[in-house]
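What follows is a set of notes on a single structure, which appears directly below.
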Amino acid sequence: MIRAAVGLSIRPDASEAAREAASRACDRLGAPRADWCVVFATPDHAAAASELLEGVGASAGTPYVAGCSGAGVVAEGREVEDGPAVGVLAVSADEIRATPFLFRDGGDLGLSAGREAGERLVGSRGLDDLILAWPDPRQVRPDRFLRGIEEILPGVPVAGGAAAGRAASGPPLLFHGTETAEAAVSGVRLGGRFRHRAAVTQGCRPLTGPLVVTRSHGNLVLELEGRPPLSLLAEASPEGLLDAGGGAFDRLFVGLLPDATATGIAAGGYLVRSILTADEDTGVIGIAAEVEEGDSILFAVREGGAARKDLARVLADASAKAEGPWRFGLYFDCLARGRSLYGETGVDSALLESAFPGLPILGFFCAAEIAPLGGVNRVLTYTGALILIGD
């Protein structure tokens, strides 16, 4: 049987916070000790991260600890976006084999780290296994890390989020045992007998249907449907939004469609990417991805109301399709969600609690999200990725 519990502390002292969060989790666990723990902490504790990890391991009674820093922490039905926070997930499960790991960048922005992870975790050949990973995106690019793993362990699902800090907080940190690292990826490989499900919610709603790229160069979209892309975006955008100038692209995005032949859009079935540049004279736009002629994209807008409705839809679907009780969850939430999206704190955590009352869920605000989408491991942005684990 899988037993799990989550604890949260907002104490400013790292050692005290670690012990409080881990003790709260273990008190609820109903087991004398945890088999393994996941810990997410805000950058406020970066200077004493080693003491934090020692406190978690000592209080939980296990050396098997993995995690990272995040721009905020989601735990105990709360979202802590400001100030110090430590969240701990403690798990006791005799039928789950958990292998924490840490792999450092080999100088190729994550490709070799992914390959090394695949080679070291080669026991994860079963498609029922799951790899949870949180890379430092400055040096271990999530897309290259996934490419490296896919070369060795094709088809094995990977989920997680890119470690994050806050403005002027220093680099993000990765946790493994009592060790902290930068320019690396940490995580946990889960094997054995358990169920898992990934559910992805979008923070941006489509403004258009699929649009075919008819001319491009690298990340520049020169023509869509034979027309200047900026003209199509202007026609689809909410009135007055493009008049905001550069600020418009804090809300307007493109969505990449994995299936270039798609004539419709499956709910949530697109990858949101930023619009980096727009030339008013030519109508050309530059986006945060390379595209080829024949690819399909859409335009989307970032909206709190639409994001709220989409999360409610995703959670209702995940709850309705459950084949048995879920024992715990992990939530990887884009740092552009939370208060900056909704204008208030705690929207996602409240919806999670409503859909799965009492389920221990731990998460953090990350720089990018990783989850299977359409059966393929993807790098996501502006999303929330929920991973549910059951017997």
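By convention here, the chains of the structure tokens are called A, B, ... in the order presented, each chain's residues are numbered starting at 1, and ligands are numbered starting at 1 in the order presented.
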Residue contacts of A:Pro228 (12 Å, only C-alpha atoms) excluding same-chain residues fewer than 4 positions away, as a VMD selection string: chain A and resid 211 to 216 220 to 224 232 to 235 278 to 285
I'd like the contact shell of A:Glu16 - 12 Å cut-off, only C-alpha atoms, skipping same-chain residues fewer than 4 positions apart - returned as a count of residues only. 23
Taking the DSSP secondary structure from the backbone, can you list the residues of stretch 133-332 of chain A that are alpha helix (DSSP H), as a PyMOL selection string? chain A and resi 142-152+229-236+304-320
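Taking only C-alpha atoms into account, A:Glu344 lies nearest to A:Gly305 out of the set A:Tyr64, A:Phe332, A:Leu252, A:Gly305.
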List the spatial neighbours of A:Gly70 as an MDAnalysis selection string - criterion: any atom at most 6 Å away, only C-alpha atoms, same-chain residues fewer than 5 positions off excluded. chainID A and resid 42 163:165 364:366
Those selected residues, please, written with N, CA and C atoms and delivered as a compact mmCIF listing (two decimals), in the first residue's frame.
# COMPACT_ATOMS: atom_id res chain seq x y z
N THR A 42 11.79 27.64 -1.29
CA THR A 42 12.00 28.93 -1.94
C THR A 42 13.46 29.36 -1.80
N ALA A 163 13.71 23.96 -12.24
CA ALA A 163 13.97 24.66 -10.99
C ALA A 163 14.00 26.16 -11.23
N ALA A 164 13.60 26.93 -10.24
CA ALA A 164 13.48 28.37 -10.42
C ALA A 164 13.87 29.10 -9.15
N GLY A 165 14.23 30.36 -9.33
CA GLY A 165 14.48 31.25 -8.21
C GLY A 165 13.53 32.42 -8.29
N PHE A 364 5.61 23.17 -6.85
CA PHE A 364 6.37 24.42 -6.81
C PHE A 364 6.13 25.21 -8.08
N PHE A 365 6.41 26.51 -8.01
CA PHE A 365 6.31 27.39 -9.17
C PHE A 365 7.62 27.30 -9.95
N CYS A 366 7.53 26.85 -11.20
CA CYS A 366 8.73 26.51 -11.96
C CYS A 366 8.88 27.35 -13.22
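For the residues A:Ala41, A:Ile149, A:Leu271, A:Leu174, ranking by smallest atom-to-atom distance to A:Ala66 using only C-alpha atoms places A:Leu174 first.
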Using only C-alpha atoms, find the one residue out of A:Gly177, A:Gly304, A:Pro357, A:Pro100 that sits nearest to A:Arg327. A:Pro357
Give me the residues within 12 Å of A:Lys321 as an MDAnalysis selection string, counting only C-alpha atoms and dropping any in the same chain fewer than 3 places off. chainID A and resid 196:199 314:318 324:326 388
What residues in stretch 23-247 of chain A get the DSSP label strand (DSSP E)? Please answer as number ranges by chain. A: 36-41, 65-69, 73-75, 78-80, 86-93, 96-104, 130-135, 158-161, 174-176, 179-181, 184-192, 195-202, 204-206, 211-217, 220-224
May I have the residues within 8 Å of A:Thr99 as a PyMOL selection string, using only C-alpha atoms and disregarding those fewer than 6 positions away in the same chain? chain A and resi 64+188-190
Would you list the contacts of A:Glu150 as a ChimeraX atom specification, taking every protein, DNA or RNA residue within 12 Å and counting only C-alpha atoms, but skipping same-chain residues closer than 2 positions in sequence? /A:111-119,121-122,124-125,131,143-148,152-158,376-378
If you count only C-alpha atoms, which residues fall within 9 Å of A:Arg166, apart from same-chain ones fewer than 3 positions away, as a ChimeraX atom specification? /A:42-43,70-72,169-172
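Proximity to A:Leu311 was assessed for A:Phe103, A:Asp333, A:Asp129, A:Gly83 counting only C-alpha atoms; the smallest distance is recorded for A:Asp333.
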Counting only C-alpha atoms, the residue among A:Ala336, A:Ala93, A:Ala266, A:Cys68 that lies closest to A:Arg251 is A:Ala336
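Candidate residues A:Arg227, A:His217, A:Arg193, A:Arg78 were compared for distance to A:Leu362, and the nearest is A:Arg78, using only C-alpha atoms.
Atom CA of A:Trp134 is positioned 24.5 Å from atom CA of A:Ile287.
If you look at atom CA of A:Val74 and atom CA of A:Val347, they are 11.1 Å away from each other.
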